[in-house]
Amino acid sequence: MWGEHQLDALHGISWECTSTPAGEADHPRDLPALPLRWIAAEVPGTAAGALRRAGVPERSSIELDGEDWWFRCRFPRPGSWEEADPGALEVDGLATISDIWLDGGHLMRSESMFTSWRLPIGLLSEENELVIRCAALGPLLGPRRPRPRWKTAGVSDQSLRWFRTTLLGRQPGWVVTPAPVGPWRPIRLTAASAFNVLDRRFSTSCVGPREGTVSVTLDCEVPGWDGSEVTLEVAGSAGSLEVERDGDRLRVSGQIAVDQVERWWPHTHGAQPLYPVTVLLGGRRLELGRAGFRTIELDTCDGAFRLLVNGVEVFCRGGCWYPIDPVSFAPPDSEVTDTLGLLCRAGMNMVRIPGGTVYEQGSFFDRCDQLGILVFQDAMLGMVDPPDDTGFTSAVSDEVSEVLRMAAAHPSLAVFCGGQELEEQPAMHGLPRHRWRSDLVATEIAERSSSIAPGVPYLTSSPTGGHLPFQVDSGVSHYIGVGVHLRPLDDLRRASPRFVSEGLAFSNPPERTTVEEAFGGPRPAGHDPTWKQAVHHDTGGSWDLEDVRDHYSSLLFGEDMAELRRHDPERALDLGRAAVAHIMASAAAEWRRSASPCAGMLLVGLRDLRIGAGWGIVDALGRPKSPWFALARLLQPVGVLVTDEGLNGLVVHLVNDRPAPIDGRLVVQLFSTEHRLEEVTSPVQIPARGSTELSADSLFDGFRDLAYAYRFGPRIYELVAVGLLGDDGQTIAGTEYLPGGLIRPLQHEIGLQAEVGSADGGAWTLSVTTRWFAQFVSIHVAGFRPTDSWFHLPPGGSRTIALVPEGAGTEEPRGQVRALNSATAALVSP
């Protein structure tokens, strides 16, 4: 909801909450007779968030869903309000079956977590009490209802399909988080006599290289409007809007043409110009937001799923977005911004909000607009069979309409999807083909999307496409071949995915600093029950994603991981960190190369939901993990990728997403363990928003066997380093390749050294050097985040990394630099 800046009577008011047995109290007047313990609460927030704040041990979702939760606040009538001024209560979201009372009078009942409300409340007293009851969900799941088409193992109770609430906290086998119960979105109380925007829509279209249109529809309450002209202003252009009046309610609509506007791009491909959209109405300037101008097209020829932004094909890379704080659902804005910033710094340009989670607010889309991040938005339907029920369909349609009216105004919205696994589940359960789709998703939501967000591609489900909806080489897929299905790494190419909207699921260990802080070290971490609560496992299976990680660690490094975990748990975690970094880097190189049919690589998770070895590439404290660093080197707008083509040698792929061509030099260096053996340089040209490829072997005179495919004798090369230099001689991008695989002997000492320095402005830097080849160099400095880690250093090589302090007043950097092939670490100290 949007409104003029005005007094919110609930701003700064203290809330408290308590719980009662399900159904024991029907009205706030019943509460004084009960022996209750009220604790401080925050709104927006949840019961679990209040318990955490009070220091109460974590409660299970069954417990949270098994009780009625009451939230209340007391507040005076604002002094600026006239006694005769009525009020309006704006509720952005309650989880889930909820009632609201004001001074004992029942205001409303909400049955959807995803619906907002605006309620007239009449006159306020001098002192007032607002009470919210969130009814126990558990008992409401019990009554018999029509059977679903399929029963999924992905939810704790099949009857959840009838309730408009998130699956988070209610999915057995997933990371353990509490079920959200309570006023999880903001609540405001304003004077109804004030100017209010009840609903707003605006959208843009491009009609030429620098021309466009802006269409606006507003539903407003404007007491005492004098009938004056209503004007829309955008980017220096202005035009009148039409007004339909019903008392104090106005519907304002119209369209204007604008010129001299630049196109909005994902940050990997260009700039993000945004233009304020302003309506002048009744002497007021109403800022509706900022508009961006871009086109989105979808190419589905021959089973493809390629997004084109402004006519340019974009390789989408990023991951699935989960709530930053899955306990309170109200994280600080800075944490959301920081996490999106990490995504950008890793060269990623898309997030997907999966159907089993929650919708984000307009402020999230604002940040994505500003940062140049595309959003793949699911409707909140996931894994369970949506009921074929008129009331349910109406509720979902209204919810989707509300979300689309908000999101369609943002250039970052790139795809709208009917839900998560809504076709995969029935297909895997053996239903006939004609029963894989529901009318709700295939027709109702599709029509709402087309009407409210024209031009935004609509997808019925993720995954979808092919003879089976989960077929990888057609449409959109959830790729877990390398991963859960234990496929060899060459399956990254053999599977030939077209667009991975969710994939590469592993248990990714956090860095040593987090493990030490949260668990006291690696040995207790592996056996601490809270560690396992962060690890995904399929319900009913005898394995989890740590077993998957260990499988690949053993495959890539030749170690008995069970034995290593027993005797050297820290090295076991390090091998796991290196293994997942290598696998995700291999996927990025394979899928981003120009000859690949893949047009998208979205990881199953970007940030962990709780501390431990979750599937995110950023841990729950916001610290990057090993795969983040590996991907950040390969997914930048200008990238150097290397693929092993067997007997055909090494192929170098040069990718340029930027709008200007690159004239540079390609440098290929060959190293033994101790020395640089050869170097060759070749001029290269990379077209704007294009790519080129060439054989690394062809740059040398004579046979080199860079990939160690022919194996005529002992392996000669320890490392192949490939770099792209600009015309100023500075490195633009680079990568390394280890011939013969990752297995390297563990040496006592390789001459690894670290020196702390300070850059301009007093920022700390770390210079890492090595005498011999250093494999998977990792940096561990408490209180600081390195800008790079988990890289290879050639013999005699060096790399300087910035150390970013995690907070104000951080002490001087102290820690270690380690290499996977060295038993001796380098100390970090000023």
# chains A, B, ... in the order shown; residues from 1 in each chain; ligands from 1
call {"tool": "closest_atom_pairs", "arguments": {"of": "range 557-610 of chain A", "to": "range 329-345 of chain A", "cutoff": "12 Å", "atoms": "only C-alpha atoms", "output": "tab-separated table"}}
result
residue	atom	partner	partner_atom	distance
A:Leu602	CA	A:Leu343	CA	11.6
A:Leu603	CA	A:Leu343	CA	11.6
A:Gly605	CA	A:Leu343	CA	11.6
A:Leu606	CA	A:Leu343	CA	8.1
A:Arg607	CA	A:Thr339	CA	7.9
A:Asp608	CA	A:Thr339	CA	11.1
A:Leu609	CA	A:Phe329	CA	11.1
call {"tool": "write_last_selection", "arguments": {"atoms": "N, CA and C atoms", "output": "CSV table (one decimal), in the first residue's frame"}}
result
chain,number,residue,atom,x,y,z
A,602,LEU,N,21.0,-21.0,-12.5
A,602,LEU,CA,20.5,-20.5,-11.2
A,602,LEU,C,20.8,-21.6,-10.1
A,603,LEU,N,21.5,-21.3,-9.1
A,603,LEU,CA,21.8,-22.3,-8.1
A,603,LEU,C,20.6,-22.5,-7.2
A,605,GLY,N,20.4,-22.4,-4.1
A,605,GLY,CA,20.3,-21.5,-3.0
A,605,GLY,C,21.5,-20.5,-3.1
A,606,LEU,N,21.2,-19.2,-2.7
A,606,LEU,CA,22.2,-18.2,-2.7
A,606,LEU,C,22.8,-18.1,-1.3
A,607,ARG,N,21.9,-18.0,-0.3
A,607,ARG,CA,22.3,-17.8,1.1
A,607,ARG,C,21.6,-18.8,2.0
A,608,ASP,N,22.4,-19.3,2.9
A,608,ASP,CA,21.8,-20.3,3.9
A,608,ASP,C,20.8,-19.7,4.8
A,609,LEU,N,19.8,-20.6,5.1
A,609,LEU,CA,18.8,-20.2,6.0
A,609,LEU,C,19.2,-20.3,7.5
call {"tool": "residues_around", "arguments": {"residues": "Gly49 in chain A", "least_positions_apart": "3", "cutoff": "7 Å", "atoms": "only C-alpha atoms", "output": "JSON, numbers by chain"}}
result
{"A": [45, 46, 52, 53, 327, 328]}
call {"tool": "residues_around", "arguments": {"residues": "Ser98 in chain A", "least_positions_apart": "5", "cutoff": "12 Å", "atoms": "only C-alpha atoms", "output": "list in words"}}
result
Asp26, Asp68, Trp69, Trp70, Phe71, Val91, Gly93, His106, Leu107, Met108, Arg109, Ser110, Glu111, Ser112, Met113, Thr115, Val131, Ile132, Arg133, Cys134, Ala135, Ala136, Leu137, Arg164, Thr165, Val181, Gly182, Pro183 and Trp184 of chain A
call {"tool": "write_last_selection", "arguments": {"atoms": "N, CA and C atoms", "output": "PDB file, in the first residue's frame"}}
result
ATOM      1  N   ASP A  26     -11.351 -17.299  22.646  1.00  0.00           N
ATOM      2  CA  ASP A  26     -11.997 -16.894  21.403  1.00  0.00           C
ATOM      3  C   ASP A  26     -11.987 -15.396  21.193  1.00  0.00           C
ATOM      4  N   ASP A  68      -2.414 -21.103  19.568  1.00  0.00           N
ATOM      5  CA  ASP A  68      -2.859 -19.783  19.137  1.00  0.00           C
ATOM      6  C   ASP A  68      -1.841 -18.757  19.640  1.00  0.00           C
ATOM      7  N   TRP A  69      -1.487 -17.820  18.776  1.00  0.00           N
ATOM      8  CA  TRP A  69      -0.538 -16.777  19.165  1.00  0.00           C
ATOM      9  C   TRP A  69      -1.248 -15.429  19.119  1.00  0.00           C
ATOM     10  N   TRP A  70      -1.051 -14.674  20.198  1.00  0.00           N
ATOM     11  CA  TRP A  70      -1.711 -13.377  20.365  1.00  0.00           C
ATOM     12  C   TRP A  70      -0.654 -12.276  20.382  1.00  0.00           C
ATOM     13  N   PHE A  71      -0.903 -11.236  19.616  1.00  0.00           N
ATOM     14  CA  PHE A  71      -0.041 -10.041  19.602  1.00  0.00           C
ATOM     15  C   PHE A  71      -0.921  -8.842  19.962  1.00  0.00           C
ATOM     16  N   VAL A  91      -2.800  -3.387   6.845  1.00  0.00           N
ATOM     17  CA  VAL A  91      -2.150  -4.627   7.272  1.00  0.00           C
ATOM     18  C   VAL A  91      -1.541  -5.270   6.032  1.00  0.00           C
ATOM     19  N   GLY A  93       0.328  -8.088   5.896  1.00  0.00           N
ATOM     20  CA  GLY A  93       0.398  -9.539   5.875  1.00  0.00           C
ATOM     21  C   GLY A  93       0.379 -10.144   7.252  1.00  0.00           C
ATOM     22  N   HIS A 106     -14.336  -6.689  16.706  1.00  0.00           N
ATOM     23  CA  HIS A 106     -13.702  -7.504  15.665  1.00  0.00           C
ATOM     24  C   HIS A 106     -13.662  -6.734  14.353  1.00  0.00           C
ATOM     25  N   LEU A 107     -12.460  -6.612  13.780  1.00  0.00           N
ATOM     26  CA  LEU A 107     -12.292  -5.868  12.536  1.00  0.00           C
ATOM     27  C   LEU A 107     -12.289  -6.761  11.305  1.00  0.00           C
ATOM     28  N   MET A 108     -11.612  -7.897  11.391  1.00  0.00           N
ATOM     29  CA  MET A 108     -11.507  -8.723  10.192  1.00  0.00           C
ATOM     30  C   MET A 108     -10.944 -10.089  10.534  1.00  0.00           C
ATOM     31  N   ARG A 109     -11.102 -11.002   9.567  1.00  0.00           N
ATOM     32  CA  ARG A 109     -10.471 -12.324   9.614  1.00  0.00           C
ATOM     33  C   ARG A 109      -9.721 -12.510   8.301  1.00  0.00           C
ATOM     34  N   SER A 110      -8.471 -12.879   8.381  1.00  0.00           N
ATOM     35  CA  SER A 110      -7.642 -13.110   7.200  1.00  0.00           C
ATOM     36  C   SER A 110      -7.285 -14.584   7.125  1.00  0.00           C
ATOM     37  N   GLU A 111      -7.373 -15.149   5.933  1.00  0.00           N
ATOM     38  CA  GLU A 111      -7.048 -16.557   5.738  1.00  0.00           C
ATOM     39  C   GLU A 111      -5.899 -16.750   4.745  1.00  0.00           C
ATOM     40  N   SER A 112      -5.143 -15.695   4.505  1.00  0.00           N
ATOM     41  CA  SER A 112      -3.996 -15.795   3.608  1.00  0.00           C
ATOM     42  C   SER A 112      -2.830 -15.009   4.163  1.00  0.00           C
ATOM     43  N   MET A 113      -1.674 -15.631   4.154  1.00  0.00           N
ATOM     44  CA  MET A 113      -0.447 -14.959   4.572  1.00  0.00           C
ATOM     45  C   MET A 113      -0.033 -13.885   3.571  1.00  0.00           C
ATOM     46  N   THR A 115      -1.926 -11.772   1.608  1.00  0.00           N
ATOM     47  CA  THR A 115      -2.902 -10.751   1.244  1.00  0.00           C
ATOM     48  C   THR A 115      -2.773  -9.550   2.168  1.00  0.00           C
ATOM     49  N   VAL A 131      -5.410  -5.930  19.026  1.00  0.00           N
ATOM     50  CA  VAL A 131      -5.068  -7.324  19.340  1.00  0.00           C
ATOM     51  C   VAL A 131      -5.185  -8.162  18.068  1.00  0.00           C
ATOM     52  N   ILE A 132      -4.212  -9.022  17.865  1.00  0.00           N
ATOM     53  CA  ILE A 132      -4.210  -9.935  16.720  1.00  0.00           C
ATOM     54  C   ILE A 132      -4.083 -11.358  17.247  1.00  0.00           C
ATOM     55  N   ARG A 133      -4.928 -12.230  16.760  1.00  0.00           N
ATOM     56  CA  ARG A 133      -4.787 -13.658  17.066  1.00  0.00           C
ATOM     57  C   ARG A 133      -4.456 -14.395  15.779  1.00  0.00           C
ATOM     58  N   CYS A 134      -3.362 -15.147  15.814  1.00  0.00           N
ATOM     59  CA  CYS A 134      -3.005 -16.046  14.723  1.00  0.00           C
ATOM     60  C   CYS A 134      -3.330 -17.455  15.205  1.00  0.00           C
ATOM     61  N   ALA A 135      -4.372 -18.022  14.626  1.00  0.00           N
ATOM     62  CA  ALA A 135      -4.891 -19.297  15.121  1.00  0.00           C
ATOM     63  C   ALA A 135      -3.928 -20.440  14.833  1.00  0.00           C
ATOM     64  N   ALA A 136      -3.970 -21.434  15.712  1.00  0.00           N
ATOM     65  CA  ALA A 136      -3.141 -22.634  15.526  1.00  0.00           C
ATOM     66  C   ALA A 136      -3.483 -23.287  14.184  1.00  0.00           C
ATOM     67  N   LEU A 137      -2.482 -23.481  13.370  1.00  0.00           N
ATOM     68  CA  LEU A 137      -2.708 -24.080  12.056  1.00  0.00           C
ATOM     69  C   LEU A 137      -2.853 -25.595  12.160  1.00  0.00           C
ATOM     70  N   ARG A 164      -3.225 -20.719   2.381  1.00  0.00           N
ATOM     71  CA  ARG A 164      -2.337 -19.784   1.718  1.00  0.00           C
ATOM     72  C   ARG A 164      -1.263 -19.322   2.676  1.00  0.00           C
ATOM     73  N   THR A 165      -0.275 -20.200   2.807  1.00  0.00           N
ATOM     74  CA  THR A 165       0.840 -19.928   3.696  1.00  0.00           C
ATOM     75  C   THR A 165       2.096 -20.510   3.096  1.00  0.00           C
ATOM     76  N   VAL A 181       4.647 -17.478  12.175  1.00  0.00           N
ATOM     77  CA  VAL A 181       3.318 -17.227  12.737  1.00  0.00           C
ATOM     78  C   VAL A 181       3.331 -15.801  13.273  1.00  0.00           C
ATOM     79  N   GLY A 182       2.381 -14.968  12.811  1.00  0.00           N
ATOM     80  CA  GLY A 182       2.304 -13.620  13.349  1.00  0.00           C
ATOM     81  C   GLY A 182       2.214 -12.557  12.276  1.00  0.00           C
ATOM     82  N   PRO A 183       2.231 -11.284  12.689  1.00  0.00           N
ATOM     83  CA  PRO A 183       2.178 -10.148  11.760  1.00  0.00           C
ATOM     84  C   PRO A 183       3.539  -9.935  11.102  1.00  0.00           C
ATOM     85  N   TRP A 184       3.818 -10.725  10.083  1.00  0.00           N
ATOM     86  CA  TRP A 184       5.155 -10.769   9.492  1.00  0.00           C
ATOM     87  C   TRP A 184       5.441  -9.595   8.562  1.00  0.00           C
TER      88      TRP A 184
END
call {"tool": "select_by_dssp", "arguments": {"residues": "range 126-293 of chain A", "states": "strand (DSSP E)", "output": "ChimeraX atom specification"}}
result
/A:127-134,187-191,196-206,211-221,231-234,237-240,242-246,249-259,275-281,284-291
call {"tool": "residues_around", "arguments": {"residues": "Ser397 in chain A", "least_positions_apart": "2", "cutoff": "9 Å", "atoms": "only C-alpha atoms", "output": "ChimeraX atom specification"}}
result
/A:392-395,399-402,440,444-445,448
